[in-house]
Amino acid sequence: MRRGFLLIGISLLLALSIGCSKPDTSKDKIKVIVTIAPQGEFVEKIGGDKVDVSVMVPPGASPHIYEPTPNQLVEVSKAGMYVKVGTPVEFELIWLDKVLSTNRDMEMVDASAGIELARMEYKHDHEGEPAEHEEHEEEADHQQGVDPHIWLSPKNAKIMVENIYKGLISIDSENEKYYTANKEAYIKELSALDDEIKQTLSAKTNRSFMVYHPSWGYFAREYNLEQIPVEEEGKEPTAKSIAHLIQQAKENGVKVIFASPQFSTKSAEVVAKEIGGRVVLISSLERDYIANMKKVAEALSAAME
Ligand code: ZN
């Protein structure tokens, strides 16, 4: 009698375990969560087939306004590592604590560790005024004054990659050799990208460019360019500021106003029309980091003389 029960028990357990052992390729992989898509690329380049990456802010969304879904919180609860940008990106300022509360055991990587942070460059005539709270605008950036867009300089990207690499080997030292080889190969690619961008922009005598959302501060500093923002403290410029921008564009020989897919292009269109120029979209959040950065350098080069 007892033996019968035991057998039934064992066969039940077996049935259950067979039922559960469907081939699951992501099972042995380390689940890594990142805030923005370029970080997803960095993690994949180093982690290869040992990682399974999820991006919190999906393509096309702005990390300045995006809110996580309940499904994403479930994903985080299963993760082994989280890579934050570590700068005042609203998504992290507002949501990171809540996101992390679903999983206190995962490895936290601050991608910005060791990066020299710069201030957000805004030219406006009311410096020092306290920023008003407005929804769906870039707010906290400016309250803190730090430019959050560190990933848009290949030099910074290399530091981010090193930080991610350290995180991976600290939770999976068994595969250190694999991660090291991958990391070194990708660092080489980033160095080549840096050289190529320098080359692309080298012969330009007019080095100013106008852009709606000024996410290219680190890039501009790195390549000795001047970024002229259209947006003012995360808001559409006033009529007076637009008049000033038009004048500035004319003085600087600006023919192209850059805008990004995540933001309105209305005021960029207005300025472009007035100077007989055009609006060109560039993205700061593409997953394919190297290809996108090359594309941006080409677009800037084509816009400058
Ligand atoms: Zn931004």
# chains A, B, ... in the order shown; residues from 1 in each chain; ligands from 1
>>> select_by_dssp(residues="segment 49-185 of chain A", states="helix (DSSP H, G or I)", output="PyMOL selection string")
chain A and resi 49-50+70-77+90-100+140-144+150-152+154-171+173-185
>>> residues_around(residues="Val161 of chain A", least_positions_apart="2", cutoff="12 Å", atoms="only C-alpha atoms", output="ChimeraX atom specification")
/A:38-47,83,85,109-115,151,154-159,163-168,179-180,182-190
>>> residues_near_ligand(ligand="ligand 1", cutoff="10 Å", atoms="only C-alpha atoms and all ligand atoms", output="JSON, numbers by chain")
{"A": [62, 63, 64, 65, 89, 90, 137, 138, 141, 147, 148, 149, 213, 214, 215, 216, 234, 260, 262, 263, 284, 285]}
>>> select_by_dssp(residues="segment 14-235 of chain A", states="strand (DSSP E)", output="PDB file with N, CA, C and O atoms, in the first residue's frame")
ATOM      1  N   ILE A  30      22.280  34.548 -18.276  1.00  0.00           N
ATOM      2  CA  ILE A  30      22.087  35.562 -17.236  1.00  0.00           C
ATOM      3  C   ILE A  30      21.145  36.610 -17.796  1.00  0.00           C
ATOM      4  O   ILE A  30      21.390  37.179 -18.851  1.00  0.00           O
ATOM      5  N   LYS A  31      20.056  36.831 -17.071  1.00  0.00           N
ATOM      6  CA  LYS A  31      19.115  37.863 -17.515  1.00  0.00           C
ATOM      7  C   LYS A  31      19.658  39.224 -17.085  1.00  0.00           C
ATOM      8  O   LYS A  31      19.905  39.460 -15.907  1.00  0.00           O
ATOM      9  N   VAL A  32      19.870  40.098 -18.061  1.00  0.00           N
ATOM     10  CA  VAL A  32      20.410  41.423 -17.769  1.00  0.00           C
ATOM     11  C   VAL A  32      19.402  42.477 -18.215  1.00  0.00           C
ATOM     12  O   VAL A  32      18.896  42.419 -19.331  1.00  0.00           O
ATOM     13  N   ILE A  33      19.088  43.409 -17.319  1.00  0.00           N
ATOM     14  CA  ILE A  33      18.170  44.494 -17.650  1.00  0.00           C
ATOM     15  C   ILE A  33      18.971  45.781 -17.807  1.00  0.00           C
ATOM     16  O   ILE A  33      19.872  46.053 -17.001  1.00  0.00           O
ATOM     17  N   VAL A  34      18.643  46.542 -18.828  1.00  0.00           N
ATOM     18  CA  VAL A  34      19.312  47.832 -19.032  1.00  0.00           C
ATOM     19  C   VAL A  34      18.244  48.907 -19.191  1.00  0.00           C
ATOM     20  O   VAL A  34      17.091  48.597 -19.491  1.00  0.00           O
ATOM     21  N   VAL A  51      24.200  35.823 -22.179  1.00  0.00           N
ATOM     22  CA  VAL A  51      23.256  36.765 -21.579  1.00  0.00           C
ATOM     23  C   VAL A  51      21.960  36.860 -22.380  1.00  0.00           C
ATOM     24  O   VAL A  51      21.911  36.553 -23.565  1.00  0.00           O
ATOM     25  N   ASP A  52      20.925  37.276 -21.666  1.00  0.00           N
ATOM     26  CA  ASP A  52      19.620  37.498 -22.274  1.00  0.00           C
ATOM     27  C   ASP A  52      19.214  38.912 -21.824  1.00  0.00           C
ATOM     28  O   ASP A  52      18.965  39.143 -20.644  1.00  0.00           O
ATOM     29  N   VAL A  53      19.240  39.859 -22.761  1.00  0.00           N
ATOM     30  CA  VAL A  53      19.107  41.274 -22.398  1.00  0.00           C
ATOM     31  C   VAL A  53      17.694  41.808 -22.609  1.00  0.00           C
ATOM     32  O   VAL A  53      17.073  41.526 -23.631  1.00  0.00           O
ATOM     33  N   SER A  54      17.197  42.553 -21.654  1.00  0.00           N
ATOM     34  CA  SER A  54      15.929  43.272 -21.816  1.00  0.00           C
ATOM     35  C   SER A  54      16.167  44.763 -21.613  1.00  0.00           C
ATOM     36  O   SER A  54      16.838  45.164 -20.666  1.00  0.00           O
ATOM     37  N   VAL A  55      15.584  45.557 -22.505  1.00  0.00           N
ATOM     38  CA  VAL A  55      15.718  47.012 -22.432  1.00  0.00           C
ATOM     39  C   VAL A  55      14.445  47.592 -21.817  1.00  0.00           C
ATOM     40  O   VAL A  55      13.342  47.238 -22.229  1.00  0.00           O
ATOM     41  N   MET A  81      21.214  40.845 -13.227  1.00  0.00           N
ATOM     42  CA  MET A  81      22.004  42.085 -13.236  1.00  0.00           C
ATOM     43  C   MET A  81      21.186  43.221 -13.827  1.00  0.00           C
ATOM     44  O   MET A  81      20.388  43.006 -14.733  1.00  0.00           O
ATOM     45  N   TYR A  82      21.369  44.422 -13.285  1.00  0.00           N
ATOM     46  CA  TYR A  82      20.752  45.621 -13.862  1.00  0.00           C
ATOM     47  C   TYR A  82      21.866  46.609 -14.180  1.00  0.00           C
ATOM     48  O   TYR A  82      22.743  46.864 -13.356  1.00  0.00           O
ATOM     49  N   VAL A  83      21.826  47.156 -15.386  1.00  0.00           N
ATOM     50  CA  VAL A  83      22.802  48.178 -15.762  1.00  0.00           C
ATOM     51  C   VAL A  83      22.080  49.512 -15.877  1.00  0.00           C
ATOM     52  O   VAL A  83      21.259  49.710 -16.769  1.00  0.00           O
ATOM     53  N   LYS A  84      22.358  50.413 -14.931  1.00  0.00           N
ATOM     54  CA  LYS A  84      21.742  51.734 -15.040  1.00  0.00           C
ATOM     55  C   LYS A  84      22.684  52.679 -15.764  1.00  0.00           C
ATOM     56  O   LYS A  84      23.898  52.470 -15.770  1.00  0.00           O
ATOM     57  N   GLU A 107      22.890  41.957  -9.347  1.00  0.00           N
ATOM     58  CA  GLU A 107      24.092  42.790  -9.405  1.00  0.00           C
ATOM     59  C   GLU A 107      23.713  44.136 -10.030  1.00  0.00           C
ATOM     60  O   GLU A 107      23.043  44.184 -11.046  1.00  0.00           O
ATOM     61  N   MET A 108      24.116  45.250  -9.384  1.00  0.00           N
ATOM     62  CA  MET A 108      23.839  46.570  -9.942  1.00  0.00           C
ATOM     63  C   MET A 108      25.101  47.126 -10.568  1.00  0.00           C
ATOM     64  O   MET A 108      26.145  47.176  -9.931  1.00  0.00           O
ATOM     65  N   VAL A 109      24.983  47.534 -11.821  1.00  0.00           N
ATOM     66  CA  VAL A 109      26.128  48.157 -12.484  1.00  0.00           C
ATOM     67  C   VAL A 109      25.774  49.611 -12.800  1.00  0.00           C
ATOM     68  O   VAL A 109      24.735  49.882 -13.387  1.00  0.00           O
ATOM     69  N   ASP A 110      26.624  50.521 -12.359  1.00  0.00           N
ATOM     70  CA  ASP A 110      26.462  51.923 -12.707  1.00  0.00           C
ATOM     71  C   ASP A 110      27.362  52.195 -13.911  1.00  0.00           C
ATOM     72  O   ASP A 110      28.569  52.305 -13.777  1.00  0.00           O
ATOM     73  N   SER A 208      29.588  74.439 -36.035  1.00  0.00           N
ATOM     74  CA  SER A 208      28.366  74.550 -35.226  1.00  0.00           C
ATOM     75  C   SER A 208      27.230  73.763 -35.855  1.00  0.00           C
ATOM     76  O   SER A 208      27.117  73.702 -37.072  1.00  0.00           O
ATOM     77  N   PHE A 209      26.427  73.189 -35.008  1.00  0.00           N
ATOM     78  CA  PHE A 209      25.206  72.543 -35.506  1.00  0.00           C
ATOM     79  C   PHE A 209      24.063  72.859 -34.560  1.00  0.00           C
ATOM     80  O   PHE A 209      24.253  73.059 -33.360  1.00  0.00           O
ATOM     81  N   MET A 210      22.856  72.926 -35.121  1.00  0.00           N
ATOM     82  CA  MET A 210      21.693  73.259 -34.325  1.00  0.00           C
ATOM     83  C   MET A 210      20.853  71.997 -34.161  1.00  0.00           C
ATOM     84  O   MET A 210      20.645  71.268 -35.123  1.00  0.00           O
ATOM     85  N   VAL A 211      20.389  71.762 -32.932  1.00  0.00           N
ATOM     86  CA  VAL A 211      19.641  70.524 -32.684  1.00  0.00           C
ATOM     87  C   VAL A 211      18.510  70.805 -31.702  1.00  0.00           C
ATOM     88  O   VAL A 211      18.668  71.591 -30.763  1.00  0.00           O
ATOM     89  N   GLU A 226      30.294  72.799 -31.898  1.00  0.00           N
ATOM     90  CA  GLU A 226      29.420  73.593 -31.038  1.00  0.00           C
ATOM     91  C   GLU A 226      27.963  73.221 -31.265  1.00  0.00           C
ATOM     92  O   GLU A 226      27.441  73.319 -32.372  1.00  0.00           O
ATOM     93  N   GLN A 227      27.326  72.784 -30.188  1.00  0.00           N
ATOM     94  CA  GLN A 227      25.929  72.384 -30.265  1.00  0.00           C
ATOM     95  C   GLN A 227      25.043  73.583 -29.887  1.00  0.00           C
ATOM     96  O   GLN A 227      25.164  74.129 -28.802  1.00  0.00           O
ATOM     97  N   ILE A 228      24.151  73.963 -30.786  1.00  0.00           N
ATOM     98  CA  ILE A 228      23.215  75.058 -30.477  1.00  0.00           C
ATOM     99  C   ILE A 228      21.817  74.460 -30.273  1.00  0.00           C
ATOM    100  O   ILE A 228      21.201  73.986 -31.220  1.00  0.00           O
ATOM    101  N   PRO A 229      21.316  74.440 -29.032  1.00  0.00           N
ATOM    102  CA  PRO A 229      20.012  73.809 -28.782  1.00  0.00           C
ATOM    103  C   PRO A 229      18.837  74.701 -29.182  1.00  0.00           C
ATOM    104  O   PRO A 229      18.896  75.913 -29.009  1.00  0.00           O
TER     105      PRO A 229
END
>>> decode(residues="segment 184-221 of chain A", atoms="N, CA and C atoms", output="compact mmCIF listing (two decimals), in the first residue's frame")
# COMPACT_ATOMS: atom_id res chain seq x y z
N GLU A 184 37.34 43.03 -25.32
CA GLU A 184 38.49 43.63 -26.00
C GLU A 184 38.20 43.87 -27.48
N ALA A 185 37.51 42.93 -28.08
CA ALA A 185 37.15 43.09 -29.50
C ALA A 185 36.24 44.30 -29.70
N TYR A 186 35.29 44.46 -28.79
CA TYR A 186 34.34 45.57 -28.95
C TYR A 186 35.00 46.92 -28.66
N ILE A 187 35.91 46.94 -27.67
CA ILE A 187 36.65 48.19 -27.39
C ILE A 187 37.43 48.61 -28.64
N LYS A 188 38.00 47.64 -29.34
CA LYS A 188 38.70 47.95 -30.59
C LYS A 188 37.76 48.58 -31.61
N GLU A 189 36.56 48.01 -31.72
CA GLU A 189 35.57 48.57 -32.65
C GLU A 189 35.20 50.00 -32.28
N LEU A 190 35.09 50.24 -30.96
CA LEU A 190 34.74 51.59 -30.51
C LEU A 190 35.88 52.58 -30.78
N SER A 191 37.12 52.11 -30.65
CA SER A 191 38.26 52.97 -30.97
C SER A 191 38.27 53.30 -32.46
N ALA A 192 37.97 52.30 -33.28
CA ALA A 192 37.92 52.52 -34.73
C ALA A 192 36.80 53.51 -35.07
N LEU A 193 35.68 53.39 -34.36
CA LEU A 193 34.56 54.32 -34.56
C LEU A 193 35.00 55.75 -34.24
N ASP A 194 35.69 55.89 -33.11
CA ASP A 194 36.19 57.19 -32.68
C ASP A 194 37.09 57.80 -33.77
N ASP A 195 38.02 57.00 -34.29
CA ASP A 195 38.90 57.48 -35.36
C ASP A 195 38.11 57.89 -36.59
N GLU A 196 37.13 57.08 -36.92
CA GLU A 196 36.35 57.35 -38.13
C GLU A 196 35.55 58.65 -37.99
N ILE A 197 34.97 58.87 -36.81
CA ILE A 197 34.21 60.12 -36.61
C ILE A 197 35.14 61.32 -36.71
N LYS A 198 36.33 61.21 -36.08
CA LYS A 198 37.31 62.30 -36.16
C LYS A 198 37.62 62.61 -37.62
N GLN A 199 37.84 61.54 -38.38
CA GLN A 199 38.15 61.66 -39.80
C GLN A 199 37.01 62.36 -40.55
N THR A 200 35.80 61.86 -40.29
CA THR A 200 34.62 62.39 -40.99
C THR A 200 34.45 63.89 -40.76
N LEU A 201 34.78 64.33 -39.54
CA LEU A 201 34.52 65.73 -39.19
C LEU A 201 35.76 66.62 -39.28
N SER A 202 36.89 66.03 -39.65
CA SER A 202 38.17 66.74 -39.52
C SER A 202 38.27 68.01 -40.38
N ALA A 203 37.80 67.93 -41.60
CA ALA A 203 38.04 69.05 -42.52
C ALA A 203 37.04 70.20 -42.39
N LYS A 204 36.11 70.08 -41.43
CA LYS A 204 35.06 71.08 -41.32
C LYS A 204 35.59 72.36 -40.68
N THR A 205 35.34 73.48 -41.32
CA THR A 205 35.77 74.75 -40.72
C THR A 205 34.63 75.36 -39.90
N ASN A 206 33.40 75.16 -40.38
CA ASN A 206 32.24 75.62 -39.62
C ASN A 206 31.78 74.47 -38.74
N ARG A 207 31.99 74.59 -37.43
CA ARG A 207 31.76 73.44 -36.57
C ARG A 207 30.55 73.58 -35.66
N SER A 208 29.59 74.44 -36.04
CA SER A 208 28.37 74.55 -35.23
C SER A 208 27.23 73.76 -35.85
N PHE A 209 26.43 73.19 -35.01
CA PHE A 209 25.21 72.54 -35.51
C PHE A 209 24.06 72.86 -34.56
N MET A 210 22.86 72.93 -35.12
CA MET A 210 21.69 73.26 -34.33
C MET A 210 20.85 72.00 -34.16
N VAL A 211 20.39 71.76 -32.93
CA VAL A 211 19.64 70.52 -32.68
C VAL A 211 18.51 70.81 -31.70
N TYR A 212 17.35 70.19 -31.94
CA TYR A 212 16.20 70.46 -31.07
C TYR A 212 16.50 70.08 -29.62
N HIS A 213 16.67 68.80 -29.36
CA HIS A 213 16.96 68.34 -28.00
C HIS A 213 18.48 68.16 -27.86
N PRO A 214 19.10 68.92 -26.99
CA PRO A 214 20.58 68.94 -26.97
C PRO A 214 21.21 67.73 -26.29
N SER A 215 21.08 66.57 -26.92
CA SER A 215 21.65 65.37 -26.31
C SER A 215 23.10 65.13 -26.74
N TRP A 216 23.65 66.03 -27.58
CA TRP A 216 24.96 65.76 -28.17
C TRP A 216 26.09 66.56 -27.54
N GLY A 217 25.93 66.94 -26.29
CA GLY A 217 26.95 67.74 -25.60
C GLY A 217 28.28 67.02 -25.45
N TYR A 218 28.24 65.74 -25.03
CA TYR A 218 29.49 64.98 -24.86
C TYR A 218 30.15 64.75 -26.22
N PHE A 219 29.32 64.48 -27.20
CA PHE A 219 29.81 64.27 -28.57
C PHE A 219 30.49 65.55 -29.07
N ALA A 220 29.80 66.69 -28.89
CA ALA A 220 30.32 67.97 -29.37
C ALA A 220 31.66 68.29 -28.71
N ARG A 221 31.74 68.06 -27.41
CA ARG A 221 32.98 68.34 -26.68
C ARG A 221 34.12 67.46 -27.21
